[in-house]
>>> print(open('work37.pdb').read())   # PDB, C-alpha atoms, pLDDT in the B column
ATOM      1  CA  MET A  16      73.051  94.940  75.943  1.00 42.00           C
ATOM      2  CA  GLN A  17      69.756  93.793  77.320  1.00 46.00           C
ATOM      3  CA  ARG A  18      67.539  91.615  75.145  1.00 49.00           C
ATOM      4  CA  HIS A  19      63.810  92.247  75.017  1.00 48.00           C
ATOM      5  CA  ARG A  20      60.894  90.148  73.877  1.00 54.00           C
ATOM      6  CA  PRO A  21      57.825  91.981  72.565  1.00 50.00           C
ATOM      7  CA  SER A  22      55.648  90.044  75.024  1.00 54.00           C
ATOM      8  CA  GLU A  23      57.407  91.943  77.855  1.00 67.00           C
ATOM      9  CA  HIS A  24      55.916  95.244  76.686  1.00 71.00           C
ATOM     10  CA  ARG A  25      52.469  96.744  76.881  1.00 81.00           C
ATOM     11  CA  CYS A  26      51.295 100.267  76.296  1.00 87.00           C
ATOM     12  CA  PRO A  27      51.462 102.058  79.659  1.00 86.00           C
ATOM     13  CA  ASN A  28      48.345 104.028  78.703  1.00 89.00           C
ATOM     14  CA  CYS A  29      45.870 101.419  77.393  1.00 92.00           C
ATOM     15  CA  LYS A  30      47.772  98.119  77.995  1.00 90.00           C
ATOM     16  CA  SER A  31      47.526  97.177  74.301  1.00 91.00           C
ATOM     17  CA  THR A  32      50.087  94.754  72.853  1.00 89.00           C
ATOM     18  CA  THR A  33      49.824  96.244  69.332  1.00 91.00           C
ATOM     19  CA  PHE A  34      52.762  98.610  69.004  1.00 90.00           C
ATOM     20  CA  VAL A  35      55.967  99.597  67.248  1.00 92.00           C
ATOM     21  CA  LEU A  36      59.274  99.303  69.128  1.00 89.00           C
ATOM     22  CA  TYR A  37      62.056 101.800  68.382  1.00 91.00           C
ATOM     23  CA  GLY A  38      65.659 101.218  69.401  1.00 91.00           C
ATOM     24  CA  ASN A  39      69.084 100.028  68.373  1.00 89.00           C
ATOM     25  CA  SER A  40      70.110  96.715  66.914  1.00 87.00           C
ATOM     26  CA  GLN A  41      73.520  95.146  67.373  1.00 90.00           C
ATOM     27  CA  VAL A  42      75.213  92.051  65.925  1.00 89.00           C
ATOM     28  CA  SER A  43      78.739  90.901  66.784  1.00 91.00           C
ATOM     29  CA  ARG A  44      81.118  91.341  63.864  1.00 90.00           C
ATOM     30  CA  THR A  45      84.784  90.487  63.373  1.00 93.00           C
ATOM     31  CA  GLU A  46      86.973  92.034  60.679  1.00 94.00           C
ATOM     32  CA  ALA A  47      90.594  91.381  59.737  1.00 95.00           C
ATOM     33  CA  TRP A  48      92.398  94.205  57.933  1.00 95.00           C
ATOM     34  CA  GLU A  49      95.669  94.087  56.037  1.00 93.00           C
ATOM     35  CA  ASN A  50      97.311  97.159  54.525  1.00 93.00           C
ATOM     36  CA  GLY A  51      94.125  99.202  54.996  1.00 92.00           C
ATOM     37  CA  VAL A  52      91.854  96.644  53.292  1.00 92.00           C
ATOM     38  CA  ALA A  53      89.381  94.322  54.987  1.00 91.00           C
ATOM     39  CA  ASN A  54      90.220  90.801  53.844  1.00 93.00           C
ATOM     40  CA  PHE A  55      87.944  88.921  56.264  1.00 93.00           C
ATOM     41  CA  THR A  56      84.522  89.753  57.710  1.00 92.00           C
ATOM     42  CA  GLU A  57      82.374  87.525  59.894  1.00 92.00           C
ATOM     43  CA  THR A  58      79.074  88.283  61.630  1.00 91.00           C
ATOM     44  CA  ASP A  59      77.332  86.168  64.252  1.00 89.00           C
ATOM     45  CA  PRO A  60      73.542  86.339  63.784  1.00 84.00           C
ATOM     46  CA  LYS A  61      73.048  84.397  67.051  1.00 87.00           C
ATOM     47  CA  SER A  62      74.460  87.389  68.950  1.00 87.00           C
ATOM     48  CA  HIS A  63      71.726  89.738  67.713  1.00 86.00           C
ATOM     49  CA  ALA A  64      70.399  92.074  70.397  1.00 87.00           C
ATOM     50  CA  PHE A  65      67.778  94.811  70.198  1.00 85.00           C
ATOM     51  CA  GLU A  66      67.790  97.561  72.801  1.00 85.00           C
ATOM     52  CA  VAL A  67      64.341  99.139  73.033  1.00 84.00           C
ATOM     53  CA  GLU A  68      64.264 102.919  73.509  1.00 89.00           C
ATOM     54  CA  SER A  69      60.601 103.703  72.984  1.00 90.00           C
ATOM     55  CA  ILE A  70      57.240 102.115  72.279  1.00 89.00           C
ATOM     56  CA  GLU A  71      54.513 103.611  70.103  1.00 93.00           C
ATOM     57  CA  CYS A  72      51.039 102.200  70.681  1.00 93.00           C
ATOM     58  CA  LEU A  73      49.061 101.719  67.486  1.00 94.00           C
ATOM     59  CA  ASN A  74      45.839 101.460  69.478  1.00 93.00           C
ATOM     60  CA  CYS A  75      45.861 104.809  71.346  1.00 95.00           C
ATOM     61  CA  MET A  76      48.826 106.423  69.494  1.00 94.00           C
ATOM     62  CA  THR A  77      50.751 107.071  72.739  1.00 90.00           C
ATOM     63  CA  ARG A  78      54.557 107.073  72.472  1.00 91.00           C
ATOM     64  CA  SER A  79      56.539 106.259  75.629  1.00 87.00           C
ATOM     65  CA  GLN A  80      60.235 106.043  76.385  1.00 87.00           C
ATOM     66  CA  ILE A  81      61.542 102.848  77.981  1.00 81.00           C
ATOM     67  CA  LYS A  82      64.107 103.431  80.753  1.00 76.00           C
ATOM     68  CA  THR A  83      65.957 100.915  82.894  1.00 72.00           C
ATOM     69  CA  THR A  84      65.607 100.969  86.669  1.00 73.00           C
ATOM     70  CA  GLU A  85      69.247 102.105  86.916  1.00 76.00           C
ATOM     71  CA  VAL A  86      68.610 105.144  84.701  1.00 70.00           C
ATOM     72  CA  MET A  87      65.467 106.116  86.616  1.00 67.00           C
ATOM     73  CA  THR A  88      67.307 105.841  89.952  1.00 71.00           C
TER      74      THR A  88
END
>>> encode(input="work37.pdb", output="structure tokens")
Amino acid sequence: MQRHRPSEHRCPNCKSTTFVLYGNSQVSRTEAWENGVANFTETDPKSHAFEVESIECLNCMTRSQIKTTEVMT
């Protein structure tokens, strides 16, 4: 999963940096189950990743989808 920093994004319409990012968040998690019951759960907050799917500009109210170069090709 690719990590993004908000400073990497600007509105493609007005170039504003005031926006809302929409996407999916993921954190690594380990679970141990015994007889159908989880008896151990551990999450790693350092592994947090946010995959941006779209950006909504609060300045000009334009909403744009973010696509990787691979998807566009």
>>> residues_around(input="work37.pdb", residues="His63 in chain A", least_positions_apart="4", cutoff="8 Å", atoms="only C-alpha atoms", output="list of chain:residue names")
A:Ser40, A:Gln41, A:Val42, A:Ser43, A:Asp59
>>> atom_distance(input="work37.pdb", atom1="CA of Thr83 in chain A", atom2="CA of Thr33 in chain A")
21.6 Å
>>> resolve_selection(input="work37.pdb", expression="the PyMOL selection byres ((chain A and resi 74) around 7)", output="list of chain:residue names")
A:Ser31, A:Thr33, A:Cys72, A:Leu73, A:Cys75, A:Met76
>>> resolve_selection(input="work37.pdb", expression="the PyMOL selection byres ((chain A and resi 25) around 12)", output="compact mmCIF listing (two decimals) with C-alpha atoms, keeping the file's coordinate frame")
# COMPACT_ATOMS: atom_id res chain seq x y z
CA ARG A 20 60.89 90.15 73.88
CA PRO A 21 57.82 91.98 72.56
CA SER A 22 55.65 90.04 75.02
CA GLU A 23 57.41 91.94 77.86
CA HIS A 24 55.92 95.24 76.69
CA CYS A 26 51.30 100.27 76.30
CA PRO A 27 51.46 102.06 79.66
CA ASN A 28 48.34 104.03 78.70
CA CYS A 29 45.87 101.42 77.39
CA LYS A 30 47.77 98.12 78.00
CA SER A 31 47.53 97.18 74.30
CA THR A 32 50.09 94.75 72.85
CA THR A 33 49.82 96.24 69.33
CA PHE A 34 52.76 98.61 69.00
CA VAL A 35 55.97 99.60 67.25
CA LEU A 36 59.27 99.30 69.13
CA SER A 69 60.60 103.70 72.98
CA ILE A 70 57.24 102.12 72.28
CA GLU A 71 54.51 103.61 70.10
CA CYS A 72 51.04 102.20 70.68
CA LEU A 73 49.06 101.72 67.49
CA ASN A 74 45.84 101.46 69.48
CA CYS A 75 45.86 104.81 71.35
CA THR A 77 50.75 107.07 72.74
CA ARG A 78 54.56 107.07 72.47
CA SER A 79 56.54 106.26 75.63
CA ILE A 81 61.54 102.85 77.98
>>> closest_residue(input="work37.pdb", among="A:Glu57, A:Gly51, A:Lys82, A:Phe65", to="Asn39 in chain A", atoms="all atoms listed in the file")
A:Phe65
>>> atom_distance(input="work37.pdb", atom1="CA of Val86 in chain A", atom2="CA of Ala64 in chain A")
19.5 Å
>>> resolve_selection(input="work37.pdb", expression="the PyMOL selection byres ((chain A and resi 45) around 7)", output="PyMOL selection string")
chain A and resi 43-44+46-47+56-58
